[in-house]
file run_13.pdb (PDB, C-alpha atoms and all ligand atoms)
ATOM      1  CA  VAL A   1       5.633  16.205 -23.961
ATOM      2  CA  ARG A   2       6.732  14.614 -27.246
ATOM      3  CA  GLU A   3       6.368  10.861 -27.109
ATOM      4  CA  ARG A   4       6.486   7.868 -29.419
ATOM      5  CA  THR A   5       4.257   4.817 -29.346
ATOM      6  CA  LEU A   6       3.983   1.514 -31.167
ATOM      7  CA  ILE A   7       0.772   0.741 -33.025
ATOM      8  CA  ALA A   8       0.263  -2.577 -34.801
ATOM      9  CA  VAL A   9      -2.542  -3.563 -37.143
ATOM     10  CA  LYS A  10      -3.095  -7.214 -36.254
ATOM     11  CA  PRO A  11      -3.654  -9.962 -38.865
ATOM     12  CA  ASP A  12      -7.439  -9.552 -38.828
ATOM     13  CA  GLY A  13      -7.071  -5.811 -39.507
ATOM     14  CA  VAL A  14      -4.761  -6.433 -42.458
ATOM     15  CA  GLN A  15      -6.992  -9.161 -43.846
ATOM     16  CA  ARG A  16     -10.065  -6.944 -43.545
ATOM     17  CA  ARG A  17      -8.301  -4.086 -45.437
ATOM     18  CA  LEU A  18      -8.450  -1.737 -42.438
ATOM     19  CA  VAL A  19      -4.821  -0.559 -42.592
ATOM     20  CA  GLY A  20      -5.620   2.650 -44.494
ATOM     21  CA  GLN A  21      -8.461   3.666 -42.205
ATOM     22  CA  ILE A  22      -6.342   3.076 -39.117
ATOM     23  CA  ILE A  23      -3.437   5.123 -40.488
ATOM     24  CA  GLN A  24      -5.891   7.851 -41.467
ATOM     25  CA  ARG A  25      -7.189   8.178 -37.904
ATOM     26  CA  PHE A  26      -3.698   8.819 -36.542
ATOM     27  CA  GLU A  27      -2.838  11.219 -39.364
ATOM     28  CA  GLN A  28      -6.009  13.229 -39.028
ATOM     29  CA  ARG A  29      -5.435  13.497 -35.282
ATOM     30  CA  GLY A  30      -2.160  15.213 -36.167
ATOM     31  CA  PHE A  31       0.337  12.571 -35.108
ATOM     32  CA  LYS A  32       3.509  12.020 -37.089
ATOM     33  CA  LEU A  33       4.390   8.676 -38.657
ATOM     34  CA  VAL A  34       8.101   7.973 -38.083
ATOM     35  CA  GLY A  35       8.272   4.218 -38.773
ATOM     36  CA  LEU A  36       6.225   1.712 -40.771
ATOM     37  CA  LYS A  37       6.631  -1.859 -41.941
ATOM     38  CA  MET A  38       4.761  -5.038 -42.718
ATOM     39  CA  LEU A  39       5.983  -8.387 -41.466
ATOM     40  CA  GLN A  40       5.070 -11.941 -40.636
ATOM     41  CA  VAL A  41       5.614 -12.208 -36.877
ATOM     42  CA  SER A  42       7.697 -15.102 -35.518
ATOM     43  CA  ASP A  43       6.759 -16.983 -32.338
ATOM     44  CA  ASP A  44       9.959 -15.659 -30.795
ATOM     45  CA  LEU A  45       9.254 -11.972 -31.495
ATOM     46  CA  LEU A  46       5.690 -12.406 -30.302
ATOM     47  CA  SER A  47       6.686 -13.961 -27.000
ATOM     48  CA  GLN A  48       9.075 -11.069 -26.382
ATOM     49  CA  HIS A  49       6.371  -8.572 -27.288
ATOM     50  CA  TYR A  50       3.838 -10.252 -24.987
ATOM     51  CA  CYS A  51       6.375 -11.292 -22.312
ATOM     52  CA  GLU A  52       3.874 -10.584 -19.523
ATOM     53  CA  LEU A  53       1.184 -12.741 -21.134
ATOM     54  CA  ARG A  54       3.255 -15.825 -21.934
ATOM     55  CA  THR A  55       1.845 -17.788 -18.991
ATOM     56  CA  LYS A  56      -1.797 -16.801 -19.541
ATOM     57  CA  PRO A  57      -4.219 -19.567 -20.525
ATOM     58  CA  PHE A  58      -5.190 -17.657 -23.678
ATOM     59  CA  TYR A  59      -1.570 -17.237 -24.870
ATOM     60  CA  PRO A  60      -1.597 -20.200 -27.326
ATOM     61  CA  ARG A  61      -4.708 -18.757 -28.970
ATOM     62  CA  LEU A  62      -3.170 -15.283 -29.009
ATOM     63  CA  GLN A  63      -0.003 -16.686 -30.614
ATOM     64  CA  GLU A  64      -1.976 -18.537 -33.273
ATOM     65  CA  TYR A  65      -3.954 -15.383 -34.098
ATOM     66  CA  MET A  66      -0.992 -13.017 -34.164
ATOM     67  CA  THR A  67       1.061 -15.289 -36.434
ATOM     68  CA  SER A  68      -1.841 -16.196 -38.745
ATOM     69  CA  GLY A  69      -0.929 -13.487 -41.278
ATOM     70  CA  PRO A  70       1.132 -10.344 -41.679
ATOM     71  CA  VAL A  71       0.902  -7.381 -39.310
ATOM     72  CA  VAL A  72       1.554  -3.723 -40.090
ATOM     73  CA  VAL A  73       3.564  -2.119 -37.349
ATOM     74  CA  MET A  74       4.115   1.623 -36.963
ATOM     75  CA  VAL A  75       5.667   4.194 -34.697
ATOM     76  CA  TRP A  76       3.683   7.397 -34.177
ATOM     77  CA  GLU A  77       5.065  10.523 -32.556
ATOM     78  CA  GLY A  78       3.396  13.477 -30.887
ATOM     79  CA  HIS A  79       2.187  15.173 -27.735
ATOM     80  CA  LYS A  80       1.044  12.516 -25.240
ATOM     81  CA  VAL A  81       0.627  10.066 -28.108
ATOM     82  CA  VAL A  82       0.757   7.011 -25.797
ATOM     83  CA  GLN A  83      -2.363   7.962 -23.863
ATOM     84  CA  ALA A  84      -4.093   9.471 -26.887
ATOM     85  CA  SER A  85      -3.677   6.274 -28.889
ATOM     86  CA  ARG A  86      -5.052   4.115 -26.097
ATOM     87  CA  THR A  87      -8.151   6.302 -26.154
ATOM     88  CA  MET A  88      -8.365   6.136 -29.951
ATOM     89  CA  VAL A  89      -7.929   2.346 -29.967
ATOM     90  CA  GLY A  90     -10.505   1.758 -27.225
ATOM     91  CA  HIS A  91     -10.976  -0.931 -24.590
ATOM     92  CA  THR A  92      -9.142  -4.272 -25.037
ATOM     93  CA  ASN A  93     -12.493  -6.012 -25.014
ATOM     94  CA  PRO A  94     -14.361  -4.639 -28.047
ATOM     95  CA  LEU A  95     -17.669  -5.212 -26.245
ATOM     96  CA  GLU A  96     -16.630  -2.464 -23.833
ATOM     97  CA  ALA A  97     -15.010  -0.223 -26.439
ATOM     98  CA  GLN A  98     -16.980   2.913 -27.239
ATOM     99  CA  ALA A  99     -18.252   3.703 -30.705
ATOM    100  CA  GLY A 100     -15.781   6.069 -32.335
ATOM    101  CA  THR A 101     -12.798   4.065 -31.134
ATOM    102  CA  ILE A 102     -11.038   1.726 -33.555
ATOM    103  CA  ARG A 103     -12.082  -1.384 -31.663
ATOM    104  CA  GLY A 104     -15.558   0.005 -30.988
ATOM    105  CA  ASP A 105     -16.056   0.635 -34.690
ATOM    106  CA  PHE A 106     -14.384  -2.411 -36.223
ATOM    107  CA  SER A 107     -14.470  -5.397 -33.855
ATOM    108  CA  PHE A 108     -16.615  -7.368 -31.463
ATOM    109  CA  HIS A 109     -14.331 -10.055 -29.979
ATOM    110  CA  ILE A 110     -11.382  -9.796 -27.562
ATOM    111  CA  SER A 111      -9.279 -12.296 -29.466
ATOM    112  CA  ARG A 112      -9.829 -10.427 -32.783
ATOM    113  CA  ASN A 113      -9.382  -6.837 -31.686
ATOM    114  CA  VAL A 114      -7.771  -5.411 -34.867
ATOM    115  CA  VAL A 115      -5.038  -3.268 -33.370
ATOM    116  CA  HIS A 116      -2.384  -3.038 -30.655
ATOM    117  CA  ALA A 117      -1.233   0.124 -28.877
ATOM    118  CA  SER A 118       1.527   0.382 -26.261
ATOM    119  CA  ASP A 119       0.043   0.793 -22.782
ATOM    120  CA  SER A 120       2.638   3.128 -21.207
ATOM    121  CA  LEU A 121       5.664   5.238 -22.046
ATOM    122  CA  GLU A 122       8.001   2.521 -20.749
ATOM    123  CA  GLY A 123       6.080  -0.150 -22.645
ATOM    124  CA  ALA A 124       6.269   1.943 -25.807
ATOM    125  CA  GLN A 125      10.035   2.352 -25.526
ATOM    126  CA  ARG A 126      10.507  -1.367 -24.964
ATOM    127  CA  GLU A 127       8.234  -2.338 -27.855
ATOM    128  CA  ILE A 128       9.716   0.183 -30.301
ATOM    129  CA  GLN A 129      13.215  -1.194 -29.600
ATOM    130  CA  LEU A 130      11.934  -4.714 -30.059
ATOM    131  CA  TRP A 131      10.172  -4.154 -33.399
ATOM    132  CA  PHE A 132      12.352  -1.502 -35.055
ATOM    133  CA  GLN A 133      15.998  -0.874 -35.683
ATOM    134  CA  LYS A 134      17.128   2.682 -35.003
ATOM    135  CA  LYS A 135      17.757   3.355 -38.689
ATOM    136  CA  GLU A 136      14.160   2.397 -39.518
ATOM    137  CA  LEU A 137      12.834   5.370 -37.538
ATOM    138  CA  LEU A 138      12.938   8.636 -39.474
ATOM    139  CA  ASN A 139      13.076  12.137 -38.106
ATOM    140  CA  TRP A 140      11.498  14.398 -40.662
ATOM    141  CA  ASP A 141      10.988  17.736 -38.934
ATOM    142  CA  CYS A 142      10.037  19.647 -42.066
ATOM    143  CA  PHE A 143       7.273  21.922 -40.799
ATOM    144  CA  ASP A 144       7.032  21.586 -37.024
TER     145      ASP A 144
HETATM  146  P1  LIG A 201      -3.559  -6.209 -26.836
HETATM  147  O1  LIG A 201      -4.052  -4.899 -26.347
HETATM  148  O2  LIG A 201      -2.750  -6.250 -28.062
HETATM  149  O3  LIG A 201      -2.712  -6.886 -25.683
HETATM  150  C1  LIG A 201      -2.859  -8.194 -25.251
HETATM  151  C2  LIG A 201      -3.773  -8.997 -26.095
HETATM  152  O4  LIG A 201      -4.146 -10.227 -25.550
HETATM  153  C3  LIG A 201      -5.058  -8.240 -26.255
HETATM  154  O5  LIG A 201      -4.854  -7.143 -27.090
HETATM  155  C4  LIG A 201      -5.999  -9.323 -26.732
HETATM  156  O6  LIG A 201      -5.880  -9.527 -28.133
HETATM  157  C5  LIG A 201      -5.426 -10.543 -26.023
HETATM  158  N1  LIG A 201      -6.236 -10.900 -24.870
HETATM  159  C6  LIG A 201      -6.305 -10.271 -23.698
HETATM  160  N2  LIG A 201      -7.152 -10.897 -22.878
HETATM  161  C7  LIG A 201      -7.622 -11.950 -23.566
HETATM  162  C8  LIG A 201      -8.554 -12.985 -23.270
HETATM  163  N3  LIG A 201      -9.153 -13.065 -22.078
HETATM  164  N4  LIG A 201      -8.797 -13.882 -24.232
HETATM  165  C9  LIG A 201      -8.189 -13.807 -25.440
HETATM  166  N5  LIG A 201      -7.315 -12.854 -25.777
HETATM  167  C10 LIG A 201      -7.042 -11.941 -24.844
END
call {"tool": "encode", "arguments": {"input": "run_13.pdb", "output": "structure tokens"}}
result
Amino acid sequence: VRERTLIAVKPDGVQRRLVGQIIQRFEQRGFKLVGLKMLQVSDDLLSQHYCELRTKPFYPRLQEYMTSGPVVVMVWEGHKVVQASRTMVGHTNPLEAQAGTIRGDFSFHISRNVVHASDSLEGAQREIQLWFQKKELLNWDCFD
């Protein structure tokens, strides 16, 4: 099953120069990068991205964090990439994330958890449409 998912390096990941290491993990796993950009997130885009969290008590803090600096957002493609990336990223709370996962290796606090990964196929489709225009996603089937 070929899928696509949205992965974002959050402002703390960019600031800590972790972008390369995060990209490397997805590349070495064999997934294909089909979209990539860096941007400063607006409050509006963020509230659409986190539409289910808008009413949570921690939302203002989440908004402040996610708009505190640029994010690097990517679309990765491959077999069961949605589930595979959730495993690679690790538990939302870094204290419960296993060593070897991105969060387990690079973070220790839930409100500074370095990276976002879509949580389902439907979520991935919604998020990809929200963050990327169709022409920003490239099909480059050279060798596979
Ligand atoms: P993410 O997987 O990107 O999706 C929702 C984000 O909300 C999550 O990562 C955390 O950064 C944040 N989040 C979830 N729960 C809490 C919480 N209890 N306190 C602060 N931030 C949270």
call {"tool": "residues_near_ligand", "arguments": {"input": "run_13.pdb", "ligand": "ligand LIG 201 (chain A)", "cutoff": "9 Å", "atoms": "all atoms listed in the file", "output": "ChimeraX atom specification"}}
result
/A:8,10,50,53,56-59,61-62,65-66,89,91-93,109-119
call {"tool": "resolve_selection", "arguments": {"input": "run_13.pdb", "expression": "the PyMOL selection byres (((chain A and resi 19) around 12) and not hetatm)", "output": "ChimeraX atom specification"}}
result
/A:7-18,20-26,36-38,70-74,102,106,114-115
call {"tool": "atom_distance", "arguments": {"input": "run_13.pdb", "atom1": "atom CA of Glu136 of chain A", "atom2": "atom CA of Glu64 of chain A"}}
result
27.2 Å
call {"tool": "closest_residue", "arguments": {"input": "run_13.pdb", "among": "A:Ser107, A:Gln83, A:Gln98, A:Trp131", "to": "Ser42 of chain A", "atoms": "all atoms listed in the file"}}
result
A:Trp131
call {"tool": "residues_around", "arguments": {"input": "run_13.pdb", "residues": "Gly100 of chain A", "least_positions_apart": "3", "cutoff": "10 Å", "atoms": "only C-alpha atoms", "output": "list in words"}}
result
Thr87, Met88, Val89, Gly90, Ala97, Arg103, Gly104, Asp105 and Phe106 of chain A
